[in-house]
Structure formats: structure tokens, C-alpha cells
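Below is input.cif, holding mmCIF, C-alpha atoms.
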data_my_file
loop_
_atom_site.label_atom_id
_atom_site.label_comp_id
_atom_site.auth_asym_id
_atom_site.auth_seq_id
_atom_site.Cartn_x
_atom_site.Cartn_y
_atom_site.Cartn_z
CA MET A 252 0.01 11.92 1.99
CA ASP A 253 -2.65 10.64 -0.34
CA LEU A 254 -2.66 6.91 -1.04
CA ASP A 255 -5.50 6.18 -3.46
CA LYS A 256 -7.11 2.89 -2.39
CA LEU A 257 -7.84 1.97 -5.99
CA VAL A 258 -4.09 1.65 -6.58
CA HIS A 259 -2.89 0.85 -3.07
CA GLN A 260 -4.83 -2.37 -2.43
CA PRO A 261 -2.10 -5.08 -2.51
CA THR A 262 -3.40 -7.22 -5.39
CA ARG A 263 -4.29 -4.18 -7.50
CA LEU A 264 -0.91 -2.58 -6.81
CA GLN A 265 0.64 -5.71 -8.32
CA ILE A 266 -1.73 -5.62 -11.31
CA PHE A 267 -0.93 -1.94 -11.88
CA ALA A 268 2.81 -2.59 -11.63
CA TYR A 269 2.59 -5.59 -13.95
CA LEU A 270 0.58 -3.81 -16.65
CA TYR A 271 2.73 -0.70 -16.30
CA ARG A 272 5.83 -2.74 -16.94
CA HIS A 273 4.55 -5.28 -19.49
CA GLY A 274 1.84 -3.39 -21.38
CA GLU A 275 -1.16 -5.22 -22.86
CA THR A 276 -1.49 -8.65 -21.21
CA SER A 277 -3.98 -11.50 -21.55
CA PHE A 278 -6.12 -12.59 -18.62
CA PRO A 279 -4.51 -16.07 -18.30
CA THR A 280 -1.00 -14.59 -18.32
CA LEU A 281 -1.93 -12.11 -15.59
CA LYS A 282 -3.50 -14.89 -13.57
CA ASP A 283 -0.43 -17.14 -13.83
CA ASP A 284 2.23 -14.47 -13.36
CA LEU A 285 0.53 -12.80 -10.40
CA ASP A 286 -0.55 -16.12 -8.89
CA VAL A 287 -4.11 -15.02 -8.09
CA THR A 288 -7.40 -16.85 -8.50
CA GLU A 289 -9.56 -16.19 -11.55
CA GLY A 290 -12.38 -14.71 -9.45
CA ASN A 291 -10.07 -12.47 -7.48
CA LEU A 292 -8.33 -11.18 -10.61
CA ALA A 293 -11.61 -10.59 -12.46
CA SER A 294 -13.02 -8.65 -9.53
CA HIS A 295 -9.98 -6.37 -9.25
CA LEU A 296 -9.81 -5.79 -13.01
CA ARG A 297 -13.49 -4.85 -13.00
CA LYS A 298 -12.86 -2.24 -10.30
CA MET A 299 -9.97 -0.87 -12.34
CA GLU A 300 -12.13 -0.80 -15.48
CA ASP A 301 -14.93 0.97 -13.61
CA ALA A 302 -12.42 3.65 -12.65
CA ASP A 303 -11.21 3.92 -16.28
CA ALA A 304 -7.74 2.88 -15.17
CA VAL A 305 -7.73 -0.22 -17.35
CA ALA A 306 -9.08 -0.94 -20.83
CA MET A 307 -10.24 -4.43 -21.83
CA GLN A 308 -10.07 -5.80 -25.36
CA LYS A 309 -11.69 -8.98 -26.66
CA GLN A 310 -10.29 -10.54 -29.80
CA PHE A 311 -9.96 -13.92 -31.48
CA VAL A 312 -6.59 -15.64 -31.59
CA ASP A 313 -6.60 -18.95 -33.52
CA ARG A 314 -10.40 -18.81 -33.42
CA ARG A 315 -10.35 -18.69 -29.61
CA PRO A 316 -11.57 -15.63 -27.77
CA GLN A 317 -8.86 -13.83 -25.87
CA THR A 318 -9.32 -11.02 -23.39
CA THR A 319 -6.47 -8.61 -22.85
CA TYR A 320 -5.99 -5.70 -20.48
CA GLU A 321 -3.84 -2.61 -20.53
CA LEU A 322 -3.56 0.54 -18.46
CA THR A 323 -5.24 3.62 -19.85
CA ASP A 324 -3.40 6.96 -19.82
CA ASP A 325 -5.32 7.78 -16.65
CA GLY A 326 -4.30 4.46 -15.14
CA ARG A 327 -0.62 5.05 -15.91
CA GLU A 328 -0.83 8.51 -14.36
CA LEU A 329 -2.58 7.20 -11.23
CA PHE A 330 0.10 4.57 -10.81
CA GLU A 331 2.97 7.00 -11.42
CA ASN A 332 1.57 9.38 -8.82
CA HIS A 333 1.21 6.51 -6.40
CA VAL A 334 4.80 5.40 -6.87
CA GLU A 335 5.95 8.99 -6.31
CA THR A 336 4.00 9.10 -3.03
CA LEU A 337 5.54 5.82 -1.89
CA GLU A 338 9.00 6.99 -2.90
CA SER A 339 8.65 10.21 -0.93
CA LEU A 340 7.40 8.26 2.10
CA ILE A 341 10.49 6.04 1.87
CA ASP A 342 12.89 8.95 1.20
CA ASN A 343 11.58 10.84 4.22
CA LEU A 344 12.57 7.95 6.49
CA ASP A 345 16.21 8.93 6.07
CA ASP A 346 15.69 12.56 7.07
CA SER A 347 15.31 11.87 10.77
CA MET B 74 5.28 -10.27 -3.55
CA ASP B 75 3.93 -10.23 -0.04
CA LEU B 76 2.33 -7.01 1.14
CA ASP B 77 1.24 -7.49 4.75
CA LYS B 78 -2.12 -5.78 5.19
CA LEU B 79 -1.27 -4.81 8.75
CA VAL B 80 1.41 -2.48 7.39
CA HIS B 81 0.02 -1.75 3.94
CA GLN B 82 -3.31 -0.17 4.88
CA PRO B 83 -2.82 3.55 4.00
CA THR B 84 -3.37 5.09 7.43
CA ARG B 85 -1.32 2.42 9.20
CA LEU B 86 1.48 2.76 6.64
CA GLN B 87 1.65 6.42 7.62
CA ILE B 88 1.61 5.59 11.35
CA PHE B 89 4.38 3.02 10.84
CA ALA B 90 6.46 5.49 8.83
CA TYR B 91 5.91 8.26 11.38
CA LEU B 92 6.85 6.13 14.41
CA TYR B 93 9.77 4.61 12.53
CA ARG B 94 11.14 8.04 11.82
CA HIS B 95 10.23 9.89 15.02
CA GLY B 96 10.33 7.18 17.71
CA GLU B 97 8.07 7.39 20.77
CA THR B 98 5.20 9.81 20.10
CA SER B 99 2.18 10.94 22.09
CA PHE B 100 -1.34 10.27 20.88
CA PRO B 101 -2.24 13.98 20.33
CA THR B 102 0.95 14.58 18.33
CA LEU B 103 0.23 11.59 16.10
CA LYS B 104 -3.34 12.77 15.62
CA ASP B 105 -2.28 16.30 14.64
CA ASP B 106 0.70 15.40 12.48
CA LEU B 107 -1.09 12.64 10.57
CA ASP B 108 -4.33 14.59 10.36
CA VAL B 109 -6.59 11.69 11.32
CA THR B 110 -9.59 11.55 13.61
CA GLU B 111 -9.17 10.34 17.19
CA GLY B 112 -11.38 7.29 16.62
CA ASN B 113 -9.64 6.32 13.43
CA LEU B 114 -6.17 6.66 14.98
CA ALA B 115 -7.17 4.74 18.13
CA SER B 116 -8.60 1.91 16.06
CA HIS B 117 -5.47 1.55 13.91
CA LEU B 118 -3.14 1.76 16.92
CA ARG B 119 -5.16 -0.96 18.64
CA LYS B 120 -4.73 -3.26 15.62
CA MET B 121 -0.99 -2.55 15.66
CA GLU B 122 -0.84 -3.26 19.40
CA ASP B 123 -2.77 -6.51 18.96
CA ALA B 124 -0.14 -7.57 16.44
CA ASP B 125 2.67 -6.59 18.86
CA ALA B 126 3.93 -4.07 16.32
CA VAL B 127 3.41 -1.12 18.64
CA ALA B 128 3.88 -0.68 22.40
CA MET B 129 1.75 1.79 24.37
CA GLN B 130 2.95 3.58 27.50
CA LYS B 131 0.84 5.59 29.91
CA GLN B 132 2.57 8.12 32.11
CA PHE B 133 1.87 11.38 33.92
CA VAL B 134 3.32 14.61 32.55
CA ASP B 135 2.56 17.67 34.73
CA ARG B 136 -0.01 15.55 36.55
CA ARG B 137 -1.83 14.87 33.29
CA PRO B 138 -2.01 11.38 31.87
CA GLN B 139 -0.18 11.00 28.60
CA THR B 140 -0.27 8.01 26.27
CA THR B 141 2.67 7.42 23.99
CA TYR B 142 3.32 4.87 21.28
CA GLU B 143 6.43 3.43 19.76
CA LEU B 144 7.22 0.61 17.35
CA THR B 145 8.41 -2.64 18.90
CA ASP B 146 11.41 -4.45 17.41
CA ASP B 147 8.92 -6.67 15.56
CA GLY B 148 7.10 -3.58 14.30
CA ARG B 149 10.31 -2.03 12.98
CA GLU B 150 11.20 -5.27 11.24
CA LEU B 151 7.72 -5.60 9.69
CA PHE B 152 7.95 -2.05 8.38
CA GLU B 153 11.51 -2.48 7.05
CA ASN B 154 10.48 -5.62 5.18
CA HIS B 155 7.50 -3.78 3.77
CA VAL B 156 9.61 -0.90 2.53
CA GLU B 157 11.99 -3.38 0.90
CA THR B 158 9.05 -5.02 -0.90
CA LEU B 159 7.79 -1.65 -2.13
CA GLU B 160 11.29 -0.65 -3.22
CA SER B 161 11.73 -3.84 -5.22
CA LEU B 162 8.33 -3.34 -6.84
CA ILE B 163 9.39 0.17 -7.86
CA ASP B 164 12.89 -0.91 -8.98
CA ASN B 165 11.44 -3.66 -11.16
CA LEU B 166 9.46 -1.07 -13.13
CA ASP B 167 12.68 0.08 -14.77
CA ASP B 168 13.70 -3.38 -15.94
CA SER B 169 11.23 -3.56 -18.78
#

Representation of the structure as C-alpha cells:
Amino acid sequence: MDLDKLVHQPTRLQIFAYLYRHGETSFPTLKDDLDVTEGNLASHLRKMEDADAVAMQKQFVDRRPQTTYELTDDGRELFENHVETLESLIDNLDDS
Amino acid sequence: MDLDKLVHQPTRLQIFAYLYRHGETSFPTLKDDLDVTEGNLASHLRKMEDADAVAMQKQFVDRRPQTTYELTDDGRELFENHVETLESLIDNLDDS
């Protein structure tokens, strides 16, 4: 069983799941909905960006800068594979 | 969402799942079936013992000492809660 630590780390697993489900999301929304600190969130998003799992976009909304994040195709695939691994781990529990 | 790091760490998640499914298991069997090094396995089992999630037993089989491990009731409960959390994370992906 191969559980990629990039995806498996608890806070990142939640970020992956959130972005997978909700698509492009602003930094403040992520921070509020996942209930993590700004520093913690920024650090995890940076790791995900470094791995090309997440793409960042900066734009202006009402003249204020807004940073949004979304999973890349690679990021979606990584997450889908991870969920499959977890599902098979859980399914195998019933085979005993 | 609360993902307990004791259970969530990838190698330990596999040890939990293995012991949950197979019950009491000897150290060499765990090592072979999970394909981990002796030092790595011993270190994770010690953490699980320290948390009272796993109970160790030493006995003699054919005059050779054998060490076996099994989940405690607390360990089973921790793992079951963890699987429920992962299942709800996965189920929620479809609600978008």
C-alpha cells in the first residue's frame, strides 16, 4: 500500500478534499472553512504548489488583491489515487 | 475533522488495519507482510504500546521466544473512529 505523504498528512488531506469538492477557493475561505491558522495553511499550500498539485492565482476583486487556489490535473489524480488506496484498505477489513 | 496522528501515520495505519483484520500477530509475520524494516516496525509498535493501543505478549514457541502484538479495545476503537472519519471525508466528496 502506497500512501503518499504529500496527500496523507492530515491538514493537507483536508485541503485536497476541500479543493477537490469545491474547486477554486480563496485563501480566507479555505482558512475559515478548514479552521487552520494562516501560517499553517500557507505552509501546506506552498508544499502542494511545490509538488505541482495546486495552482495559485492572484487577481483583484473590488480593487483588493485576492489569492485563490485550485487543484491541478496532477493534484486531482494524486488525490483520487489516494482515496482509492484508503477505500481498498477499508474494504479489505471486511474480508477477514 | 479529527485525524489522530497516532493512527493516521501511513505505516501505523497499515499496522492498525493489519492487526484489526488478523488479530494477534507475531513480530516477524508483521514485518514480512507489511514489508517494513525491523527498526521501523519496532519503533511504530512502541508508540502504539505507549498509547495503550497495542498489547505485546512474549511467549515461548518450541523453546524459542516469540513476541506477538494485538490491538487493545482502545486501539480497536481508535481505529474504528479513524475509518469512520476517512469514510465521511470520502462520502462528502460526492455531495458537491

- prompt: Could you write out as an MDAnalysis selection string the residues that the PyMOL selection byres ((chain A) within 12 of (chain B)) matches in the shown file?
  reply: chainID A and resid 252:274 284:287 330:331 333:347

Can you spit out the residues from that selection as a PDB file, in the frame of the given file, using C-alpha atoms?
ATOM      1  CA  MET A 252       0.010  11.920   1.990  1.00  0.00           C
ATOM      2  CA  ASP A 253      -2.650  10.640  -0.340  1.00  0.00           C
ATOM      3  CA  LEU A 254      -2.660   6.910  -1.040  1.00  0.00           C
ATOM      4  CA  ASP A 255      -5.500   6.180  -3.460  1.00  0.00           C
ATOM      5  CA  LYS A 256      -7.110   2.890  -2.390  1.00  0.00           C
ATOM      6  CA  LEU A 257      -7.840   1.970  -5.990  1.00  0.00           C
ATOM      7  CA  VAL A 258      -4.090   1.650  -6.580  1.00  0.00           C
ATOM      8  CA  HIS A 259      -2.890   0.850  -3.070  1.00  0.00           C
ATOM      9  CA  GLN A 260      -4.830  -2.370  -2.430  1.00  0.00           C
ATOM     10  CA  PRO A 261      -2.100  -5.080  -2.510  1.00  0.00           C
ATOM     11  CA  THR A 262      -3.400  -7.220  -5.390  1.00  0.00           C
ATOM     12  CA  ARG A 263      -4.290  -4.180  -7.500  1.00  0.00           C
ATOM     13  CA  LEU A 264      -0.910  -2.580  -6.810  1.00  0.00           C
ATOM     14  CA  GLN A 265       0.640  -5.710  -8.320  1.00  0.00           C
ATOM     15  CA  ILE A 266      -1.730  -5.620 -11.310  1.00  0.00           C
ATOM     16  CA  PHE A 267      -0.930  -1.940 -11.880  1.00  0.00           C
ATOM     17  CA  ALA A 268       2.810  -2.590 -11.630  1.00  0.00           C
ATOM     18  CA  TYR A 269       2.590  -5.590 -13.950  1.00  0.00           C
ATOM     19  CA  LEU A 270       0.580  -3.810 -16.650  1.00  0.00           C
ATOM     20  CA  TYR A 271       2.730  -0.700 -16.300  1.00  0.00           C
ATOM     21  CA  ARG A 272       5.830  -2.740 -16.940  1.00  0.00           C
ATOM     22  CA  HIS A 273       4.550  -5.280 -19.490  1.00  0.00           C
ATOM     23  CA  GLY A 274       1.840  -3.390 -21.380  1.00  0.00           C
ATOM     24  CA  ASP A 284       2.230 -14.470 -13.360  1.00  0.00           C
ATOM     25  CA  LEU A 285       0.530 -12.800 -10.400  1.00  0.00           C
ATOM     26  CA  ASP A 286      -0.550 -16.120  -8.890  1.00  0.00           C
ATOM     27  CA  VAL A 287      -4.110 -15.020  -8.090  1.00  0.00           C
ATOM     28  CA  PHE A 330       0.100   4.570 -10.810  1.00  0.00           C
ATOM     29  CA  GLU A 331       2.970   7.000 -11.420  1.00  0.00           C
ATOM     30  CA  HIS A 333       1.210   6.510  -6.400  1.00  0.00           C
ATOM     31  CA  VAL A 334       4.800   5.400  -6.870  1.00  0.00           C
ATOM     32  CA  GLU A 335       5.950   8.990  -6.310  1.00  0.00           C
ATOM     33  CA  THR A 336       4.000   9.100  -3.030  1.00  0.00           C
ATOM     34  CA  LEU A 337       5.540   5.820  -1.890  1.00  0.00           C
ATOM     35  CA  GLU A 338       9.000   6.990  -2.900  1.00  0.00           C
ATOM     36  CA  SER A 339       8.650  10.210  -0.930  1.00  0.00           C
ATOM     37  CA  LEU A 340       7.400   8.260   2.100  1.00  0.00           C
ATOM     38  CA  ILE A 341      10.490   6.040   1.870  1.00  0.00           C
ATOM     39  CA  ASP A 342      12.890   8.950   1.200  1.00  0.00           C
ATOM     40  CA  ASN A 343      11.580  10.840   4.220  1.00  0.00           C
ATOM     41  CA  LEU A 344      12.570   7.950   6.490  1.00  0.00           C
ATOM     42  CA  ASP A 345      16.210   8.930   6.070  1.00  0.00           C
ATOM     43  CA  ASP A 346      15.690  12.560   7.070  1.00  0.00           C
ATOM     44  CA  SER A 347      15.310  11.870  10.770  1.00  0.00           C
TER      45      SER A 347
END

field: Pick from B:Ala115, B:Leu151, B:Thr98, B:Leu144, whichever lies nearest to Ala128 of chain B using all atoms listed in the file
entry: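 The shortest atom-to-atom distance to Ala128 of chain B comes from B:Leu144.
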
- prompt: Rounded to one decimal in Å, what is the spacing between atom CA of Lys104 of chain B and atom CA of Thr140 of chain B?
  reply: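 Going from atom CA of Lys104 of chain B over to atom CA of Thr140 of chain B, I get 12.1 Å.
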
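Straight-line separation from atom CA of Asp303 of chain A to atom CA of Asp324 of chain A: 9.1 Å.
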
- request: Could you tell me how far atom CA of Gln317 of chain A lies from atom CA of Ser277 of chain A, in Å and to one decimal?
  value: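 Between these atoms lies a distance of 6.9 Å.
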